[in-house]
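Colleague: Coordinates in coords26.pdb, PDB, C-alpha atoms, are listed below.
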```pdb
ATOM      1  CA  MET A  16       1.234  -6.196 -13.203
ATOM      2  CA  GLU A  17       3.584  -3.364 -14.244
ATOM      3  CA  ASP A  18       0.654  -1.770 -16.012
ATOM      4  CA  ALA A  19      -1.382  -1.880 -12.808
ATOM      5  CA  ASP A  20       1.422  -0.346 -10.788
ATOM      6  CA  LEU A  21       1.976   2.409 -13.347
ATOM      7  CA  LEU A  22      -1.750   3.079 -13.476
ATOM      8  CA  ARG A  23      -1.954   3.323  -9.687
ATOM      9  CA  ARG A  24       0.899   5.846  -9.682
ATOM     10  CA  LEU A  25      -0.641   7.806 -12.545
ATOM     11  CA  LYS A  26      -3.948   8.031 -10.742
ATOM     12  CA  ALA A  27      -2.130   9.197  -7.629
ATOM     13  CA  GLY A  28      -0.664  12.056  -9.712
ATOM     14  CA  ASP A  29       2.928  10.835  -9.422
ATOM     15  CA  GLN A  30       4.939  13.001 -11.867
ATOM     16  CA  SER A  31       7.609  10.330 -12.305
ATOM     17  CA  ALA A  32       4.870   7.971 -13.497
ATOM     18  CA  PHE A  33       3.954  10.437 -16.245
ATOM     19  CA  SER A  34       7.600  10.670 -17.194
ATOM     20  CA  GLU A  35       7.649   6.867 -17.402
ATOM     21  CA  LEU A  36       4.479   6.951 -19.490
ATOM     22  CA  LEU A  37       6.136   9.295 -21.987
ATOM     23  CA  ARG A  38       9.209   7.073 -22.150
ATOM     24  CA  LEU A  39       7.060   4.021 -22.888
ATOM     25  CA  HIS A  40       4.493   5.428 -25.276
ATOM     26  CA  SER A  41       5.506   8.793 -26.749
ATOM     27  CA  GLY A  42       7.284   7.216 -29.718
ATOM     28  CA  ARG A  43       4.283   5.151 -30.725
ATOM     29  CA  VAL A  44       1.841   8.006 -30.162
ATOM     30  CA  ILE A  45       3.846  10.566 -32.127
ATOM     31  CA  ASN A  46       4.312   8.155 -35.037
ATOM     32  CA  THR A  47       0.620   7.300 -35.042
ATOM     33  CA  CYS A  48      -0.235  11.002 -35.308
ATOM     34  CA  TYR A  49       2.473  11.420 -37.967
ATOM     35  CA  ARG A  50       1.024   8.696 -40.196
ATOM     36  CA  PHE A  51      -2.361  10.340 -40.084
ATOM     37  CA  LEU A  52      -1.279  13.969 -40.447
ATOM     38  CA  LEU A  53       1.817  13.359 -42.607
ATOM     39  CA  ASN A  54       3.545  16.294 -41.043
ATOM     40  CA  ARG A  55       6.150  16.136 -38.316
ATOM     41  CA  GLN A  56       5.401  19.413 -36.546
ATOM     42  CA  ASP A  57       1.649  18.761 -36.495
ATOM     43  CA  ALA A  58       2.282  15.252 -35.188
ATOM     44  CA  GLU A  59       4.418  16.596 -32.338
ATOM     45  CA  ASP A  60       1.748  19.137 -31.399
ATOM     46  CA  LEU A  61      -1.101  16.673 -31.570
ATOM     47  CA  SER A  62       0.731  14.007 -29.584
ATOM     48  CA  GLN A  63       1.106  16.555 -26.772
ATOM     49  CA  GLU A  64      -2.656  17.023 -26.831
ATOM     50  CA  VAL A  65      -3.037  13.252 -26.620
ATOM     51  CA  PHE A  66      -0.894  13.023 -23.483
ATOM     52  CA  LEU A  67      -2.647  16.000 -21.928
ATOM     53  CA  GLU A  68      -5.946  14.209 -22.381
ATOM     54  CA  VAL A  69      -4.439  11.084 -20.835
ATOM     55  CA  TYR A  70      -3.214  13.193 -17.907
ATOM     56  CA  GLN A  71      -6.585  14.808 -17.371
ATOM     57  CA  SER A  72      -8.774  11.767 -17.824
ATOM     58  CA  ILE A  73      -6.672   9.017 -16.289
ATOM     59  CA  HIS A  74      -9.230   8.729 -13.451
ATOM     60  CA  SER A  75     -11.901   7.766 -15.955
ATOM     61  CA  PHE A  76      -9.814   4.871 -17.279
ATOM     62  CA  LYS A  77     -11.548   1.784 -15.918
ATOM     63  CA  GLY A  78      -8.910  -0.724 -16.988
ATOM     64  CA  ASN A  79     -11.211  -2.604 -19.359
ATOM     65  CA  SER A  80      -8.408  -2.595 -21.918
ATOM     66  CA  LYS A  81      -4.650  -2.282 -21.718
ATOM     67  CA  LEU A  82      -3.441   1.193 -20.798
ATOM     68  CA  SER A  83      -1.484   1.385 -24.071
ATOM     69  CA  THR A  84      -4.570   0.481 -26.124
ATOM     70  CA  TRP A  85      -6.516   3.240 -24.402
ATOM     71  CA  ILE A  86      -3.752   5.779 -25.123
ATOM     72  CA  TYR A  87      -3.409   4.761 -28.790
ATOM     73  CA  ARG A  88      -7.181   4.940 -29.181
ATOM     74  CA  ILE A  89      -7.056   8.550 -27.956
ATOM     75  CA  ALA A  90      -4.257   9.237 -30.462
ATOM     76  CA  VAL A  91      -6.294   7.788 -33.341
ATOM     77  CA  THR A  92      -9.452   9.664 -32.341
ATOM     78  CA  LYS A  93      -7.596  12.966 -32.029
ATOM     79  CA  SER A  94      -5.873  12.428 -35.382
ATOM     80  CA  LEU A  95      -9.186  11.755 -37.113
ATOM     81  CA  ASP A  96     -10.718  14.817 -35.443
ATOM     82  CA  GLU A  97      -7.817  16.927 -36.669
ATOM     83  CA  LEU A  98      -8.231  15.615 -40.224
ATOM     84  CA  LYS A  99     -11.956  16.394 -40.111
ATOM     85  CA  LYS A 100     -11.197  19.891 -38.858
ATOM     86  CA  ARG A 101      -8.822  20.398 -41.783
ATOM     87  CA  LYS A 102     -11.368  19.117 -44.273
ATOM     88  CA  ARG A 103     -13.908  21.592 -42.909
ATOM     89  CA  LYS A 104     -11.403  24.439 -43.129
ATOM     90  CA  LYS A 105     -10.529  23.462 -46.685
ATOM     91  CA  ARG A 106     -14.207  23.429 -47.653
ATOM     92  CA  ILE A 107     -14.776  26.883 -46.177
ATOM     93  CA  SER A 108     -11.563  28.070 -47.736
ATOM     94  CA  SER A 109     -12.524  26.818 -51.199
ATOM     95  CA  VAL A 110     -15.928  28.542 -50.977
ATOM     96  CA  GLY A 111     -14.093  31.747 -50.106
ATOM     97  CA  LYS A 112     -11.735  31.278 -53.009
ATOM     98  CA  MET A 113     -14.670  30.642 -55.309
ATOM     99  CA  LEU A 114     -16.083  33.984 -54.260
ATOM    100  CA  GLN A 115     -12.601  35.418 -54.766
ATOM    101  CA  LEU A 116     -12.364  36.237 -51.098
ATOM    102  CA  ASP A 117      -8.772  35.071 -51.041
ATOM    103  CA  GLN A 118      -7.744  36.973 -47.951
ATOM    104  CA  VAL A 119     -10.784  35.823 -45.995
ATOM    105  CA  ALA A 120     -10.183  32.274 -47.196
ATOM    106  CA  ASP A 121      -6.562  32.392 -46.087
ATOM    107  CA  TRP A 122      -7.585  33.793 -42.725
ATOM    108  CA  ILE A 123     -10.237  31.110 -42.230
ATOM    109  CA  SER A 124      -7.841  28.347 -43.146
ATOM    110  CA  GLY A 125      -5.331  29.696 -40.663
ATOM    111  CA  GLY A 126      -2.931  31.092 -43.224
ATOM    112  CA  THR A 127      -1.361  28.907 -45.840
ATOM    113  CA  MET A 128      -2.585  25.331 -45.518
ATOM    114  CA  PRO A 129       0.086  23.742 -43.355
ATOM    115  CA  ASP A 130      -0.219  20.250 -44.788
ATOM    116  CA  LYS A 131       0.056  21.662 -48.294
ATOM    117  CA  VAL A 132       3.198  23.535 -47.450
ATOM    118  CA  MET A 133       4.731  21.002 -45.192
ATOM    119  CA  LEU A 134       4.103  17.827 -47.134
ATOM    120  CA  GLU A 135       7.449  16.506 -48.070
ATOM    121  CA  ASN A 136       6.709  16.399 -51.765
ATOM    122  CA  GLU A 137       4.050  16.035 -54.407
ATOM    123  CA  ARG A 138       3.834  12.280 -53.981
ATOM    124  CA  MET A 139       2.927  12.630 -50.323
ATOM    125  CA  GLU A 140       0.206  15.060 -51.289
ATOM    126  CA  GLU A 141      -1.214  12.494 -53.676
ATOM    127  CA  ILE A 142      -1.183   9.734 -51.094
ATOM    128  CA  SER A 143      -2.726  12.123 -48.581
ATOM    129  CA  ARG A 144      -5.579  12.879 -50.990
ATOM    130  CA  ALA A 145      -6.039   9.176 -51.670
ATOM    131  CA  LEU A 146      -6.104   8.398 -47.933
ATOM    132  CA  ASN A 147      -8.608  11.203 -47.365
ATOM    133  CA  SER A 148     -10.973   9.459 -49.743
ATOM    134  CA  LEU A 149     -11.108   6.345 -47.534
ATOM    135  CA  PRO A 150     -13.840   5.819 -44.943
ATOM    136  CA  ASP A 151     -12.544   6.388 -41.400
ATOM    137  CA  ASN A 152     -12.447   2.724 -40.383
ATOM    138  CA  GLN A 153     -10.507   1.712 -43.510
ATOM    139  CA  ARG A 154      -8.115   4.590 -43.069
ATOM    140  CA  VAL A 155      -7.469   3.766 -39.420
ATOM    141  CA  ALA A 156      -6.923   0.056 -40.094
ATOM    142  CA  PHE A 157      -4.664   0.715 -43.095
ATOM    143  CA  THR A 158      -2.649   3.469 -41.417
ATOM    144  CA  LEU A 159      -2.077   1.576 -38.181
ATOM    145  CA  SER A 160      -1.108  -1.550 -40.108
ATOM    146  CA  LYS A 161       1.740   0.465 -41.666
ATOM    147  CA  ILE A 162       3.181   1.503 -38.312
ATOM    148  CA  ASP A 163       5.818  -0.798 -36.900
ATOM    149  CA  GLY A 164       4.684  -2.688 -33.873
ATOM    150  CA  TYR A 165       0.931  -2.637 -34.321
ATOM    151  CA  SER A 166      -0.274  -6.191 -34.749
ATOM    152  CA  ASN A 167      -3.693  -6.875 -36.226
ATOM    153  CA  GLU A 168      -4.827  -8.014 -32.770
ATOM    154  CA  GLU A 169      -3.795  -4.679 -31.284
ATOM    155  CA  ILE A 170      -5.444  -2.728 -34.105
ATOM    156  CA  ALA A 171      -8.597  -4.748 -33.482
ATOM    157  CA  GLU A 172      -8.467  -3.818 -29.785
ATOM    158  CA  ILE A 173      -7.960  -0.139 -30.593
ATOM    159  CA  MET A 174     -10.815  -0.178 -33.108
ATOM    160  CA  LYS A 175     -12.978  -2.358 -30.853
ATOM    161  CA  THR A 176     -13.477  -4.905 -33.584
ATOM    162  CA  THR A 177     -12.193  -8.340 -34.567
ATOM    163  CA  LYS A 178      -8.906  -9.330 -36.157
ATOM    164  CA  VAL A 179     -10.755 -10.676 -39.214
ATOM    165  CA  ALA A 180     -12.571  -7.361 -39.634
ATOM    166  CA  VAL A 181      -9.256  -5.508 -39.474
ATOM    167  CA  GLU A 182      -7.737  -7.727 -42.170
ATOM    168  CA  SER A 183     -10.752  -7.113 -44.366
ATOM    169  CA  LEU A 184     -10.623  -3.338 -43.780
ATOM    170  CA  VAL A 185      -6.915  -3.211 -44.661
ATOM    171  CA  SER A 186      -7.450  -5.200 -47.828
ATOM    172  CA  ARG A 187     -10.408  -3.046 -48.909
ATOM    173  CA  ALA A 188      -8.433   0.117 -48.149
ATOM    174  CA  ARG A 189      -5.505  -1.083 -50.241
ATOM    175  CA  LYS A 190      -7.815  -1.892 -53.142
ATOM    176  CA  LYS A 191      -9.494   1.489 -52.922
ATOM    177  CA  LEU A 192      -6.150   3.284 -52.715
ATOM    178  CA  ASN A 193      -4.931   1.510 -55.828
ATOM    179  CA  ASN A 194      -8.096   2.517 -57.666
ATOM    180  CA  ARG A 195      -7.823   6.067 -56.463
ATOM    181  CA  LEU A 196      -4.189   6.323 -57.468
ATOM    182  CA  SER A 197      -5.028   4.801 -60.855
ATOM    183  CA  ASN A 198      -7.576   7.576 -61.339
ATOM    184  CA  ILE A 199      -4.870  10.117 -60.607
ATOM    185  CA  LYS A 200      -2.689   8.274 -63.098
ATOM    186  CA  ASP A 201      -5.437   8.416 -65.749
ATOM    187  CA  HIS A 202      -5.927  12.098 -65.048
ATOM    188  CA  GLU A 203      -2.206  12.761 -65.496
ATOM    189  CA  ARG A 204      -2.159  10.681 -68.677
ATOM    190  CA  GLY A 205      -5.013  12.835 -70.032
ATOM    191  CA  ARG A 206      -3.146  15.986 -69.122
ATOM    192  CA  ILE A 207      -0.076  14.792 -70.956
ATOM    193  CA  LYS A 208      -2.066  14.047 -74.107
TER     194      LYS A 208
ATOM    195  CA  MET B1199       5.418  10.978 -69.439
ATOM    196  CA  LYS B1200       5.407   7.330 -70.280
ATOM    197  CA  GLU B1201       3.139   4.652 -68.811
ATOM    198  CA  ALA B1202       6.042   2.996 -66.998
ATOM    199  CA  GLU B1203       7.009   6.295 -65.483
ATOM    200  CA  LEU B1204       3.463   6.888 -64.197
ATOM    201  CA  ASN B1205       3.272   3.373 -62.771
ATOM    202  CA  ASN B1206       6.533   3.940 -61.045
ATOM    203  CA  LYS B1207       5.312   7.227 -59.606
ATOM    204  CA  MET B1208       2.179   5.581 -58.159
ATOM    205  CA  ARG B1209       4.152   2.731 -56.713
ATOM    206  CA  GLN B1210       6.525   5.176 -55.142
ATOM    207  CA  SER B1211       3.639   7.129 -53.596
ATOM    208  CA  ILE B1212       2.390   4.086 -51.724
ATOM    209  CA  HIS B1213       5.889   2.925 -50.926
ATOM    210  CA  GLN B1214       6.824   6.298 -49.536
ATOM    211  CA  PHE B1215       3.853   6.224 -47.194
ATOM    212  CA  GLU B1216       4.542   2.664 -46.144
ATOM    213  CA  SER B1217       8.188   3.307 -45.475
ATOM    214  CA  LEU B1218       7.890   6.639 -43.707
ATOM    215  CA  GLU B1219      10.671   6.735 -41.194
ATOM    216  CA  ASP B1220       9.678   6.786 -37.577
ATOM    217  CA  ILE B1221      10.169  10.112 -35.884
ATOM    218  CA  GLN B1222      11.626  10.340 -32.399
ATOM    219  CA  THR B1223      10.554  12.639 -29.626
ATOM    220  CA  SER B1224      13.166  15.247 -28.840
ATOM    221  CA  PRO B1225      14.252  16.144 -25.290
ATOM    222  CA  GLU B1226      12.656  19.535 -25.961
ATOM    223  CA  TRP B1227       9.332  17.832 -26.719
ATOM    224  CA  THR B1228       9.543  15.830 -23.482
ATOM    225  CA  ARG B1229      10.449  18.923 -21.474
ATOM    226  CA  THR B1230       7.515  20.877 -22.930
ATOM    227  CA  MET B1231       5.213  17.959 -22.202
ATOM    228  CA  MET B1232       6.300  17.708 -18.562
ATOM    229  CA  ASN B1233       5.790  21.483 -18.184
ATOM    230  CA  ARG B1234       2.308  21.177 -19.626
ATOM    231  CA  PHE B1235       1.562  18.353 -17.179
ATOM    232  CA  ALA B1236       2.702  20.581 -14.329
ATOM    233  CA  GLN B1237       0.499  23.446 -15.515
ATOM    234  CA  ALA B1238      -2.556  21.386 -16.444
ATOM    235  CA  GLU B1239      -5.278  21.104 -13.889
ATOM    236  CA  ARG B1240      -6.455  17.640 -13.131
ATOM    237  CA  PRO B1241     -10.163  17.228 -12.537
ATOM    238  CA  ALA B1242     -11.017  16.058  -9.041
ATOM    239  CA  LYS B1243     -10.963  12.329  -8.531
ATOM    240  CA  PRO B1244     -14.428  10.947  -9.104
ATOM    241  CA  GLY B1245     -16.260   9.594  -6.062
ATOM    242  CA  PHE B1246     -16.559  11.117  -2.601
ATOM    243  CA  SER B1247     -13.719  13.235  -1.382
ATOM    244  CA  ALA B1248     -13.149  13.775   2.344
ATOM    245  CA  SER B1249     -14.731  17.233   2.193
ATOM    246  CA  SER B1250     -17.863  16.009   0.425
ATOM    247  CA  ILE B1251     -18.254  13.193   2.974
ATOM    248  CA  ALA B1252     -17.945  15.766   5.796
ATOM    249  CA  LEU B1253     -20.585  17.943   4.122
ATOM    250  CA  VAL B1254     -22.972  14.997   3.805
ATOM    251  CA  LEU B1255     -22.418  14.130   7.499
ATOM    252  CA  ILE B1256     -23.065  17.708   8.615
ATOM    253  CA  PHE B1257     -26.249  17.812   6.543
ATOM    254  CA  PHE B1258     -27.352  14.481   8.013
ATOM    255  CA  VAL B1259     -26.745  15.610  11.615
ATOM    256  CA  LEU B1260     -28.538  18.932  11.044
ATOM    257  CA  ALA B1261     -31.480  17.187   9.412
ATOM    258  CA  ASN B1262     -31.728  14.813  12.379
ATOM    259  CA  ILE B1263     -31.599  17.658  14.892
ATOM    260  CA  GLY B1264     -34.383  19.365  12.946
ATOM    261  CA  VAL B1265     -36.543  16.259  13.008
ATOM    262  CA  ILE B1266     -35.980  15.749  16.758
ATOM    263  CA  LEU B1267     -36.820  19.389  17.567
ATOM    264  CA  THR B1268     -39.973  19.177  15.449
ATOM    265  CA  LEU B1269     -41.034  15.987  17.238
ATOM    266  CA  ILE B1270     -40.436  17.543  20.690
ATOM    267  CA  SER B1271     -42.344  20.722  19.886
ATOM    268  CA  ASP B1272     -45.169  18.689  18.339
ATOM    269  CA  SER B1273     -45.352  16.471  21.413
ATOM    270  CA  ASN B1274     -45.430  19.511  23.777
ATOM    271  CA  ARG B1275     -48.163  21.097  21.708
ATOM    272  CA  ARG B1276     -50.184  17.906  21.810
ATOM    273  CA  THR B1277     -49.812  17.538  25.615
ATOM    274  CA  SER B1278     -50.934  21.085  26.288
ATOM    275  CA  SER B1279     -53.792  20.796  23.856
ATOM    276  CA  ARG B1280     -54.911  17.502  25.493
ATOM    277  CA  SER B1281     -54.957  19.064  28.974
ATOM    278  CA  SER B1282     -56.942  22.017  27.675
ATOM    279  CA  ASP B1283     -59.406  19.600  26.013
ATOM    280  CA  LEU B1284     -59.836  17.714  29.315
ATOM    281  CA  ARG B1285     -60.471  20.934  31.114
ATOM    282  CA  THR B1286     -63.134  21.922  28.583
ATOM    283  CA  ILE B1287     -64.839  18.525  28.887
ATOM    284  CA  SER B1288     -64.830  18.635  32.679
ATOM    285  CA  ASN B1289     -66.321  22.129  32.569
ATOM    286  CA  GLU B1290     -69.031  20.974  30.227
ATOM    287  CA  PHE B1291     -69.990  18.157  32.587
ATOM    288  CA  LEU B1292     -69.876  20.634  35.486
ATOM    289  CA  ILE B1293     -67.562  18.460  37.387
ATOM    290  CA  ASN B1294     -65.642  20.277  39.980
ATOM    291  CA  PRO B1295     -62.306  18.585  39.990
ATOM    292  CA  THR B1296     -61.832  19.369  43.673
ATOM    293  CA  SER B1297     -65.241  17.843  44.574
ATOM    294  CA  ILE B1298     -64.170  14.472  43.310
ATOM    295  CA  ASN B1299     -61.563  14.259  45.975
ATOM    296  CA  GLN B1300     -63.988  15.135  48.748
TER     297      GLN B1300
END
```
Rewrite the coordinates I just gave you, this time as structure tokens.

Modeller:
Amino acid sequence: MEDADLLRRLKAGDQSAFSELLRLHSGRVINTCYRFLLNRQDAEDLSQEVFLEVYQSIHSFKGNSKLSTWIYRIAVTKSLDELKKRKRKKRISSVGKMLQLDQVADWISGGTMPDKVMLENERMEEISRALNSLPDNQRVAFTLSKIDGYSNEEIAEIMKTTKVAVESLVSRARKKLNNRLSNIKDHERGRIK
Amino acid sequence: MKEAELNNKMRQSIHQFESLEDIQTSPEWTRTMMNRFAQAERPAKPGFSASSIALVLIFFVLANIGVILTLISDSNRRTSSRSSDLRTISNEFLINPTSINQ
């Protein structure tokens, strides 16, 4: 009922409704982006893009799902898009570096890689690499399951799948992460020898 | 580095991700967001707006006027052409229209 009232006010362009929307959902959205990007500043920027999209496309929201589910789905999609963009930049950048075009590579990658610089420490970089190796659906299910407040039912709604499928995706992601991290461990062990 | 140390490092990596502290939005973030809302243009509401309905009505009225005018001019043309046909026929049969009345 409250959702319907808020939605009606949002569609009418009521600014106080958007303020209410931020109060209700900004925390969840920013933390969702943060878990995907692993960088606070990037998460803040991306979450603003999420709310701008909500603002501009609220008329297209048909109400087939909860308003919150729709917003979190936008946050997840934008986060994945951002990660893909970074992967592409890294690929171009590494080709440039291979050709010893360091300056061009730095320019293409937008200066120093922000996630490299901003990651809190080496361990986060490792986990980021391990997460990057997961298929999108496993990454989304695993990441959302680690954010307080997302139940498996809600994750299923966001991913448009079933609760059982989410549980399976999380378990497979965890297994794959363990394997991936073990590989890193083996690699480090080899380096030490 | 010993095995136990490596294991510990891996465990910590996953743990660190799992226990990332939630970040809070700052008042500055909210202020910037509200400013961006104010500046952002919202696409027009889907469906018919009042102006588009008025345009459709005007088009409809004009189209109807056009059809009516065409029908009237067509009808006039047909009437005049029928009277000219009758005149031709009567001439061909050499009927003097005035003689009929006599």

Colleague: What gap, in Å, lies between CA of Arg189 (chain A) and CA of Glu141 (chain A)?

Modeller: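 Interatomic distance here is 14.6 Å.
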
Colleague: With 7 Å as the limit and counting all atoms listed in the file, what residues in chain A lie close to chain B? Please list them as a short mmCIF file (atom, residue, chain, number, x, y, z; two decimals) with C-alpha atoms, in the coordinates of the input.

Modeller:
```cif
data_model
loop_
_atom_site.label_atom_id
_atom_site.label_comp_id
_atom_site.auth_asym_id
_atom_site.auth_seq_id
_atom_site.Cartn_x
_atom_site.Cartn_y
_atom_site.Cartn_z
CA SER A 41 5.51 8.79 -26.75
CA GLY A 42 7.28 7.22 -29.72
CA ASN A 46 4.31 8.15 -35.04
CA GLN A 63 1.11 16.56 -26.77
CA LEU A 67 -2.65 16.00 -21.93
CA GLN A 71 -6.58 14.81 -17.37
CA HIS A 74 -9.23 8.73 -13.45
CA ARG A 138 3.83 12.28 -53.98
CA MET A 139 2.93 12.63 -50.32
CA ILE A 142 -1.18 9.73 -51.09
CA LYS A 161 1.74 0.46 -41.67
CA LEU A 196 -4.19 6.32 -57.47
CA LYS A 200 -2.69 8.27 -63.10
CA ILE A 207 -0.08 14.79 -70.96
#
```

Colleague: Please provide as a ChimeraX atom specification all residues within 12 Å of Asp20 (chain A), with the sequence filter that same-chain residues fewer than 3 positions apart are discarded (counting all atoms listed in the file).

Modeller: /A:16-17,23-27,29,32,35-36,82

Colleague: Taking only C-alpha atoms into account, name the residue in A:Ala156, A:Ala19, A:Val65, A:Leu52 that is nearest to Val181 (chain A).

Modeller: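 Checking each of A:Ala156, A:Ala19, A:Val65, A:Leu52 against Val181 (chain A), counting only C-alpha atoms, the winner is A:Ala156.
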
Colleague: Please measure the separation of CA of His40 (chain A) and CA of Pro150 (chain A), giving the value in Å to one decimal.

Modeller: 26.9 Å

Colleague: In Å to one decimal, how far is CA of Asp57 (chain A) from CA of Glu169 (chain A)?

Modeller: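 CA of Asp57 (chain A) lies 24.6 Å from CA of Glu169 (chain A).
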
Colleague: Using the chain letters and numbers from this file, what does the PyMOL selection byres ((chain A and resi 165) around 12) select? Give the answer as a CSV table (one decimal) with C-alpha atoms, keeping the file's coordinate frame.

Modeller:
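Final file, result29.csv:
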```
chain,number,residue,atom,x,y,z
A,43,ARG,CA,4.3,5.2,-30.7
A,44,VAL,CA,1.8,8.0,-30.2
A,46,ASN,CA,4.3,8.2,-35.0
A,47,THR,CA,0.6,7.3,-35.0
A,83,SER,CA,-1.5,1.4,-24.1
A,84,THR,CA,-4.6,0.5,-26.1
A,87,TYR,CA,-3.4,4.8,-28.8
A,155,VAL,CA,-7.5,3.8,-39.4
A,156,ALA,CA,-6.9,0.1,-40.1
A,157,PHE,CA,-4.7,0.7,-43.1
A,158,THR,CA,-2.6,3.5,-41.4
A,159,LEU,CA,-2.1,1.6,-38.2
A,160,SER,CA,-1.1,-1.6,-40.1
A,161,LYS,CA,1.7,0.5,-41.7
A,162,ILE,CA,3.2,1.5,-38.3
A,163,ASP,CA,5.8,-0.8,-36.9
A,164,GLY,CA,4.7,-2.7,-33.9
A,166,SER,CA,-0.3,-6.2,-34.7
A,167,ASN,CA,-3.7,-6.9,-36.2
A,168,GLU,CA,-4.8,-8.0,-32.8
A,169,GLU,CA,-3.8,-4.7,-31.3
A,170,ILE,CA,-5.4,-2.7,-34.1
A,171,ALA,CA,-8.6,-4.7,-33.5
A,172,GLU,CA,-8.5,-3.8,-29.8
A,173,ILE,CA,-8.0,-0.1,-30.6
A,181,VAL,CA,-9.3,-5.5,-39.5
```

Colleague: Find, counting only C-alpha atoms, the residue in A:Asp18, A:Val179, A:Gly78, A:Leu146 that gets nearest to Asn193 (chain A).

Modeller: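 Answer, going by the shortest atom-to-atom distance: A:Leu146.
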
Colleague: Check what the PyMOL selection byres ((chain A and resi 192) around 10) selects in the file above and give those residues as JSON, numbers by chain.

Modeller: {"A": [142, 144, 145, 146, 147, 148, 149, 154, 186, 187, 188, 189, 190, 191, 193, 194, 195, 196, 197, 198], "B": [1212]}

Colleague: Take every atom of region 1222-1232 of chain B listed in the file, pad by 3 Å on each side, and give me the axis-aligned box centre and edge lengths in Å, one decimal, as lines of an AutoDock Vina configuration file.

Modeller:
```
center_x = 9.7
center_y = 15.6
center_z = -25.5
size_x = 15.0
size_y = 16.5
size_z = 19.8
```

Colleague: Hey, what's within 10 Å of Lys93 (chain A) if we count all atoms listed in the file and toss same-chain stuff fewer than 4 positions away? As a list in words, please?

Modeller: Cys48, Phe51, Leu61, Ser62, Glu64, Val65, Glu68, Tyr87, Arg88, Ile89, Glu97, Leu98 and Lys99 of chain A

Colleague: Which is closest to Ala58 (chain A) among A:Ser72, A:Asp96, A:Ile45, A:Leu37, if we use all atoms listed in the file?

Modeller: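 Looking at the shortest contact to Ala58 (chain A), the residue is A:Ile45.
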